[in-house]
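J.: Here it is: the structure, laid out below.
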4 protein chains.
Amino acid sequence: MPEPPAKLWHGRLRAKTSALVEEYTSSVAVDRRLWEEDLAGSAAHARMLHSIGVLSAAEQRSIAAGLRALRDEFRRGAFAFDPADEDVHSAIERRLHEVAGPAAAKLQTGRSRNDQVATDLRRWAKDACRELVLALADLQETLIGRAREHRSDPMPGYTHLQRAQVVSLAHHLLAHVEMLQRDVERLADARARCDVMPLGSGALAGSTLPLDREGVRAELGFGALSANSMDAVADRDFAVEITAACALLMVHLSRLSDELVLWSSSEFGFAVLPETHATGSSLMPQKKNPDVAELARGRSARVIGDLVALLTMLKGLPLTYNRDLQEDKAPLFDAVDTALATVRALAELMRVVAFNTAAMRAAASDPALMATDVAEYLVRRGVPFRQAHAIVGRAVADTMPEGRTLRDLSLAEWRKRSDRVDADVVALFDVQQALARRDMPGGPGPRSVTRQLARAANLVKRNRTIS
Amino acid sequence: MPEPPAKLWHGRLRAKTSALVEEYTSSVAVDRRLWEEDLAGSAAHARMLHSIGVLSAAEQRSIAAGLRALRDEFRRGAFAFDPADEDVHSAIERRLHEVAGPAAAKLQTGRSRNDQVATDLRRWAKDACRELVLALADLQETLIGRAREHRSDPMPGYTHLQRAQVVSLAHHLLAHVEMLQRDVERLADARARCDVMPLGSGALAGSTLPLDREGVRAELGFGALSANSMDAVADRDFAVEITAACALLMVHLSRLSDELVLWSSSEFGFAVLPETHATGSSLMPQKKNPDVAELARGRSARVIGDLVALLTMLKGLPLTYNRDLQEDKAPLFDAVDTALATVRALAELMRVVAFNTAAMRAAASDPALMATDVAEYLVRRGVPFRQAHAIVGRAVADTMPEGRTLRDLSLAEWRKRSDRVDADVVALFDVQQALARRDMPGGPGPRSVTRQLARAANLVKRNRTIS
Amino acid sequence: MPEPPAKLWHGRLRAKTSALVEEYTSSVAVDRRLWEEDLAGSAAHARMLHSIGVLSAAEQRSIAAGLRALRDEFRRGAFAFDPADEDVHSAIERRLHEVAGPAAAKLQTGRSRNDQVATDLRRWAKDACRELVLALADLQETLIGRAREHRSDPMPGYTHLQRAQVVSLAHHLLAHVEMLQRDVERLADARARCDVMPLGSGALAGSTLPLDREGVRAELGFGALSANSMDAVADRDFAVEITAACALLMVHLSRLSDELVLWSSSEFGFAVLPETHATGSSLMPQKKNPDVAELARGRSARVIGDLVALLTMLKGLPLTYNRDLQEDKAPLFDAVDTALATVRALAELMRVVAFNTAAMRAAASDPALMATDVAEYLVRRGVPFRQAHAIVGRAVADTMPEGRTLRDLSLAEWRKRSDRVDADVVALFDVQQALARRDMPGGPGPRSVTRQLARAANLVKRNRTIS
Amino acid sequence: MPEPPAKLWHGRLRAKTSALVEEYTSSVAVDRRLWEEDLAGSAAHARMLHSIGVLSAAEQRSIAAGLRALRDEFRRGAFAFDPADEDVHSAIERRLHEVAGPAAAKLQTGRSRNDQVATDLRRWAKDACRELVLALADLQETLIGRAREHRSDPMPGYTHLQRAQVVSLAHHLLAHVEMLQRDVERLADARARCDVMPLGSGALAGSTLPLDREGVRAELGFGALSANSMDAVADRDFAVEITAACALLMVHLSRLSDELVLWSSSEFGFAVLPETHATGSSLMPQKKNPDVAELARGRSARVIGDLVALLTMLKGLPLTYNRDLQEDKAPLFDAVDTALATVRALAELMRVVAFNTAAMRAAASDPALMATDVAEYLVRRGVPFRQAHAIVGRAVADTMPEGRTLRDLSLAEWRKRSDRVDADVVALFDVQQALARRDMPGGPGPRSVTRQLARAANLVKRNRTIS
């Protein structure tokens, strides 16, 4: 029984590989986390090889036992990598040879690392999508819960970071639930497109052996077989698509985080983080900083970088497999890890943050926020909108230097600006009524929010079932 | 009847805007192409305003007539923008006032440019997705047609740009069809998520008027209403998602183009561009260059840049609308324009390129390409694959310095390497048989290719129906 | 005398180029702005060709006259491009033939578009760097001027967007001057590396004619000759480097802009834009928005995208010229145009913005900002810093729930926390004194600011001399 | 003697930090490699604190001894991080307290982690630049050495991947030396701008203590003091600039690598990697793949991603320090590590690769490559270049269908095309003479190459002295 070669390809290249080449090309540090997918894929491949007569029953059993032994080693942290291992796949083949004996020399029959690594990575990616979706459902649920608490607590809605109109805290939080819903759907779509098994595509041209791809597919739980062997080993769309979904998700989380930073400032004062979820300063004794939100914001940049790395790596590669593709894993893993950790961190943060609804209500009571209400009041009384806008705009401009607001205008003063104004104009400045007036579909009013809450709860329930 | 103000917001800010501010903030040069969507949206909005009593029938009619007049001006290239126009939307409102008179002052009732621009851009984007899908279907069809011509023309399949195993030109071309199919599906998914109408969300908080959003939605042909007004005006996911789909599509086209460049080289000699589709050199009289393919490759970088611009712009913006969002259009338009032009250019190129199948066959007949076939032959005769790999690898290594190939080994020489080898080993080196051996699902063999062709034709048929 | 060919390379490729190829490959829309550089380069090249005997004196004169005629056409906007023109360079050669007659057929002697376009673009880029540096000097000068006005106006310095310690508005503005100074220096370095003439490198391999590169270099005002002809035509480092400098510059401007947005909010209230430099809302009558700052922030993303486009385009191209390189101009031009317009817009904005120094002073008087001062007071009295930090931190934590601040602690209360505290502790809470205490090199104190102002003025003076 | 607090800021925030917050915010895994810089900075800071009377001599000695003890722990791999450690800096302060006792509580006097981490990172970055420059000098030297070996070995120069004109292998290799030279200069410029010490800027506003910044600067070997404390803690330009230099360097290495991949193909056959520096296939016995070059190409994408991450992270952050900045280290470290490893890997690869000069010479002898020489020959005999170009182009077009080349034209046939042709035209097709004709400055001819070699050797010598 010959010793397994130092390298899988030792027959052709017999010189010892340069240490620098080994170090530069090894991917073990990155792809070792795929060990579980690799063992499962190998077990299924071995069973199939037995079914087509390449492995005897005894050989298949000894490989299966060997793979179980390796699984135990990995779980115990006892699997020992060798500096000469090119990747987790060849490390496993090497070790299986030690553990399972000669049968191991048959395992790679009809299989190349090209289709093997694509298969392992797709299985990992499918799980990653599901984990992300579930974590997102948790974050959505948290936001919905907080929205329920603050169903009709008014706050200023902002455009251009200028106070614009009255909304409710619930409505604001539900805007984020909607964004996250799109992330869930994108991840679900990406997962579906990822659910295709490349195994059986060999290096690029399938095999001359009668491999039973369909049997392996069923066992590994893939939805479909890849339709073209060259595409199967050259394709990394699934990695790009999931990373793109993570990048946009992180952009959403960055927007939420930016608001937490703003709201935690002395100037806004809308949010108070508990001491358990803030950090201090090594120099300034008074500081309480919203570091988690800042880091979430900063880390969105990192995932955008991951996406660029992936797209740029793929650009211009001729078919089929090129070693450049090894650079798919670091950005994909980083994007998923970062997104997952950030979703979870923000879910906890949103659970514990205290909202200063008094401060929000005070800010929302700024009469300037009702300027649009006054204009639309005039519209209801027959004034063309563009004139109504001008009338109110002028009133704002005129009162401001006097330190007065729209609310301070007497009926007489209003009448000088437009004879359509009546005494009921003062009611427009009640913040709660202003909110209640905005109950159209999608609006911030309490009835609209109730509808949104019901919709959101349903979405989350459905999200939890996305396999 | 007062003149319309120089700016839509002249009531509040009465000073003349600085020329530099006007120039720096104007988006007319970019968003003017949205005029058609803007006119249609305004017409629908006006009809709705009439239905809820804000516009009289006469007012609605005069607005409708005015919008038609503007449409004619745009079509004739006669619409005159003013340096003070902030964007196409305010230019149209300004001009409508001139054309339709006082009724125009009521058009913006219950509508903000925030929900208006989002609505216009989503309509444009939906059309763009459809156009891209149709152009992709054409390119797929071209590739399928060329694949049919070359169903069993062998060529070398490459990994690491090294000759690996025999495939067929058809199989190679169909790999690209598969890639493009994923692009189609991503664009279809993006289009579906884009098919949501923000109109009625106002600036960020809906309206206090009883707008009939559902009626406008039906008229404008959107699939759904946005569920949250703040999200509706702050969201640019659709632009990101379409641009991401374009970026990955361009990466695919860049891979195809890189192959065209390689294949057109003297060294490969696999493809010959007709003179109509090549360019020459201003200095070197003999040159014939594959410029279209090179530009397609280069332009993939541009679309990756567009994606970065969009994601980075959105990152960290608090809700809701911020003027930063104006920077959504240039990258989205550029991504779609570039992708569309490139798909069309490559469809034409693939239609006219001549394949040098003799050169491909000669290259595919390199006996080294059958090394895997020999190893799998040994496997079928009971040699464990790892040993079979070593035996063949060594045979390659040993014959190479002598200038011989695997095909040149006598049976006696083979027998010294493995007693499992028989006289039938020579048949392995027939390139056509090598292809025929690879007929498993997804493989390059002729029967597999026939199945792939049928599948591909069905996909294209379905793609053409994606609305 | 034969007609000039429809294409420069018509001898070899005689079929009419496909319309789609012409359209896809034409760069006239982008590179037409290089006309001035191209005419100057051609004039110099023609003079050199005369000096080595390729052109007769009459021929050189007729070319020179022709080029002047073309210059007039361009200046008058009368130069007519043809759809078949591949780029501005071939358009000029075509037109020169019409204007100057047969001599034009000799102009391209010893010159390829490869070295020609690289030369033109480098000349453009050198000018662009200079323009950017001068615009930056203006912005710096504006900031310095505003800093002088507010030399000792206190404001809160922020970390994590939390009030941290007292600084002065001048010090804050000068921080931006320092950032911009690094931008100036990067642009100057990039310009120096750009100042190398490729002309004479031909398509890639120089020429077999005795071209006088040195003479042309001196006439065109380049600092050096390119040392290797293959590098000369394949290199686009200068475009990358300038775009990278623009990207970082835009990031700086984006940071400044983000502050303007924050400071213009109701919550901060530190800055008031004049009506001439703000914009309103089409719907909300009360709005006054800092759009220029928002757009500057958004446009920083665009320039980052330009940089990605350039780097990604270049990645992996083999030597020498590949048509992908044509995609260098759009991102470089966009980066420079955007940066230049943004520098100028912000210079005007910073000139006119009104600072609400009363609001800043009030915010800076928050006693929590003096927590570090108290800790360092304790250090001066022998308390180890880490304990001092804990003592003051605890005092903050204890007083906060009572609605009190550090300033409200009586001496007795202080003494219970540390016996090192004396009555002079109250002086620590004077904001002006707090500023004055921070006069070390680089600090925000008034003397430090005076030193910084002198340094900054000197830098600007020097910047204006960078050629 | 009080215990050191669990967190540096325990006075203010007394609740135990959430485990998830600790995990999400900790940077120890990334910044632990800065331990050496941190210990050195602390030692210098302590000496300065003694010099201004904050530390007694005994205290300073005990801190110095403690820091030395920690250095030993780090060197031995014995330093134990705690899950609660936020970063390497607080881990060191915690441990120092255990080792050096009460004096440690004074070390952080007048110092914040904000200025501390910026100082540590700048010191690391300065070293990184130097290491990169030295590695680049090695790679340049290798290329120069190989160029010397192949001073007049002809090969085809390519544009558009089409054979263009004859160059020499030396000239081709020296083109890469020139590219790398610009990388060296960019890194040197970046290093100079990085050589500025932020220490003494405190959290953002310096200190109220009389810190001796100049003394610390001299001890730590920085070239200058930061001029503005707010800029000093908010600035990460140096990280961006070094990462940008690495990204462009990687693009250069990717271009070189792409050529190695091309040249190693069967089709080109210009380069042969030794077995020690190639890898095989797990499936295909015959394969020998240029994996190092492919990975180098792929990893260039990763560094472009790092640059995007940095720029995008910084974009839009208000002054001064925000926790987002923590995300500076991962991309900077990754960019430098990747660039350094790739430079070294390619230096080894270029040292051992065998060039197949016979194949190069055969390819360069393709008579089409002399088409320009013939055109310039006609120019020297008075034919205007554009006509000469057309004559030769037509000759190429006419002979090609007949399977003939320019060299196969008889004098009579030439004469029919132009009466300026003489019998000496045949000499143009000698490849060595073609090379010798190109000896102008920057050209590929042997004398030009000799000049380039001398220049390059001088550059490398100078590069080695860049500190």
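For the structure tokens, the naming scheme is as follows: chains receive sequential letters (A, B, ...) according to their order of presentation, residues are indexed from 1 within each chain, and ligands are indexed from 1 in presentation order.
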Excluding Pro285 of chain D and its own-chain neighbours fewer than 5 positions away, which residues fall within 6 Å of it when counting only C-alpha atoms? Please give them as a list in words.
T.: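 In the requested form, the answer reads Ala371, His389, Val392 and Gly393 of chain B.
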J.: Write out as a ChimeraX atom specification every residue belonging to chain D that has an atom at most 7 Å from any atom of chain A, counting only C-alpha atoms.
T.: /D:8-9,12-13,15-18,20-21,25,111-113,203,275-277,280-283,285-286,291-292,294-295,297-299,301-302,304-306,308-309,312-313,322-324,327,345
J.: State, in Å with one decimal place, the distance from atom CA of Leu143 of chain D to atom CA of Arg122 of chain C.
T.: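 Taking atom CA of Leu143 of chain D and atom CA of Arg122 of chain C, their separation equals 27.3 Å.
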J.: With a cut-off of 12 Å, could you pull out the residues of segment 305-407 of chain A touching segment 432-448 of chain A and give me the nearest pair of atoms for each, distance in Å to one decimal, using only C-alpha atoms, ordered by chain and ascending number, as JSON lines?
T.:
{"residue": "A:Arg361", "atom": "CA", "partner": "A:Gln432", "partner_atom": "CA", "distance": 9.4}
{"residue": "A:Ala362", "atom": "CA", "partner": "A:Gln432", "partner_atom": "CA", "distance": 11.8}
{"residue": "A:Ala364", "atom": "CA", "partner": "A:Gln432", "partner_atom": "CA", "distance": 9.7}
{"residue": "A:Ser365", "atom": "CA", "partner": "A:Gln432", "partner_atom": "CA", "distance": 9.2}
{"residue": "A:Asp366", "atom": "CA", "partner": "A:Ala434", "partner_atom": "CA", "distance": 11.8}
{"residue": "A:Pro367", "atom": "CA", "partner": "A:Ala434", "partner_atom": "CA", "distance": 10.7}
{"residue": "A:Leu369", "atom": "CA", "partner": "A:Ala434", "partner_atom": "CA", "distance": 9.4}
{"residue": "A:Met370", "atom": "CA", "partner": "A:Ala434", "partner_atom": "CA", "distance": 7.5}
{"residue": "A:Ala371", "atom": "CA", "partner": "A:Ala434", "partner_atom": "CA", "distance": 10.8}
{"residue": "A:Thr372", "atom": "CA", "partner": "A:Ala434", "partner_atom": "CA", "distance": 10.3}
{"residue": "A:Asp373", "atom": "CA", "partner": "A:Ala434", "partner_atom": "CA", "distance": 7.6}
{"residue": "A:Val374", "atom": "CA", "partner": "A:Ala434", "partner_atom": "CA", "distance": 10.4}
{"residue": "A:Glu376", "atom": "CA", "partner": "A:Arg437", "partner_atom": "CA", "distance": 11.0}
{"residue": "A:Tyr377", "atom": "CA", "partner": "A:Arg437", "partner_atom": "CA", "distance": 11.1}
J.: With N, CA, C and O atoms retained, export the selected residues as a compact mmCIF listing (two decimals), in the first residue's frame.
T.:
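And here is the file that came out, result-v1.txt:
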# COMPACT_ATOMS: atom_id res chain seq x y z
N ARG A 361 -41.46 64.74 21.86
CA ARG A 361 -42.72 65.48 21.78
C ARG A 361 -42.47 66.99 21.76
O ARG A 361 -43.08 67.72 20.97
N ALA A 362 -41.55 67.43 22.58
CA ALA A 362 -41.24 68.87 22.61
C ALA A 362 -40.74 69.33 21.25
O ALA A 362 -41.17 70.36 20.72
N ALA A 364 -41.29 67.93 18.44
CA ALA A 364 -42.34 67.79 17.43
C ALA A 364 -43.38 68.88 17.55
O ALA A 364 -44.18 69.10 16.63
N SER A 365 -43.39 69.56 18.66
CA SER A 365 -44.38 70.60 18.86
C SER A 365 -43.95 71.93 18.27
O SER A 365 -44.69 72.91 18.31
N ASP A 366 -42.78 71.98 17.75
CA ASP A 366 -42.29 73.16 17.02
C ASP A 366 -43.34 73.51 15.94
O ASP A 366 -43.59 72.72 15.03
N PRO A 367 -43.96 74.66 16.07
CA PRO A 367 -45.05 74.99 15.15
C PRO A 367 -44.64 75.00 13.68
O PRO A 367 -45.48 74.79 12.79
N LEU A 369 -43.29 72.80 12.15
CA LEU A 369 -43.61 71.48 11.60
C LEU A 369 -45.01 71.41 11.03
O LEU A 369 -45.35 70.50 10.29
N MET A 370 -45.89 72.36 11.47
CA MET A 370 -47.27 72.31 11.00
C MET A 370 -47.49 73.21 9.77
O MET A 370 -48.63 73.38 9.33
N ALA A 371 -46.41 73.76 9.24
CA ALA A 371 -46.56 74.67 8.09
C ALA A 371 -47.30 73.98 6.95
O ALA A 371 -48.18 74.57 6.30
N THR A 372 -46.95 72.74 6.67
CA THR A 372 -47.63 72.02 5.59
C THR A 372 -49.10 71.82 5.92
O THR A 372 -49.97 71.90 5.04
N ASP A 373 -49.38 71.57 7.20
CA ASP A 373 -50.78 71.41 7.61
C ASP A 373 -51.58 72.68 7.32
O ASP A 373 -52.73 72.62 6.86
N VAL A 374 -50.96 73.80 7.60
CA VAL A 374 -51.66 75.06 7.32
C VAL A 374 -51.88 75.22 5.82
O VAL A 374 -52.98 75.59 5.37
N GLU A 376 -52.18 72.91 3.61
CA GLU A 376 -53.20 71.98 3.14
C GLU A 376 -54.59 72.39 3.68
O GLU A 376 -55.62 72.11 3.04
N TYR A 377 -54.60 73.02 4.82
CA TYR A 377 -55.84 73.62 5.34
C TYR A 377 -56.36 74.66 4.35
O TYR A 377 -57.54 74.70 4.00
J.: Can you pull out the residues contacting segment 73-78 of chain C? Cut-off 8 Å, using only C-alpha atoms, and skip same-chain residues under 3 positions away; I want them as JSON, numbers by chain.
T.: {"C": [35, 69, 70]}
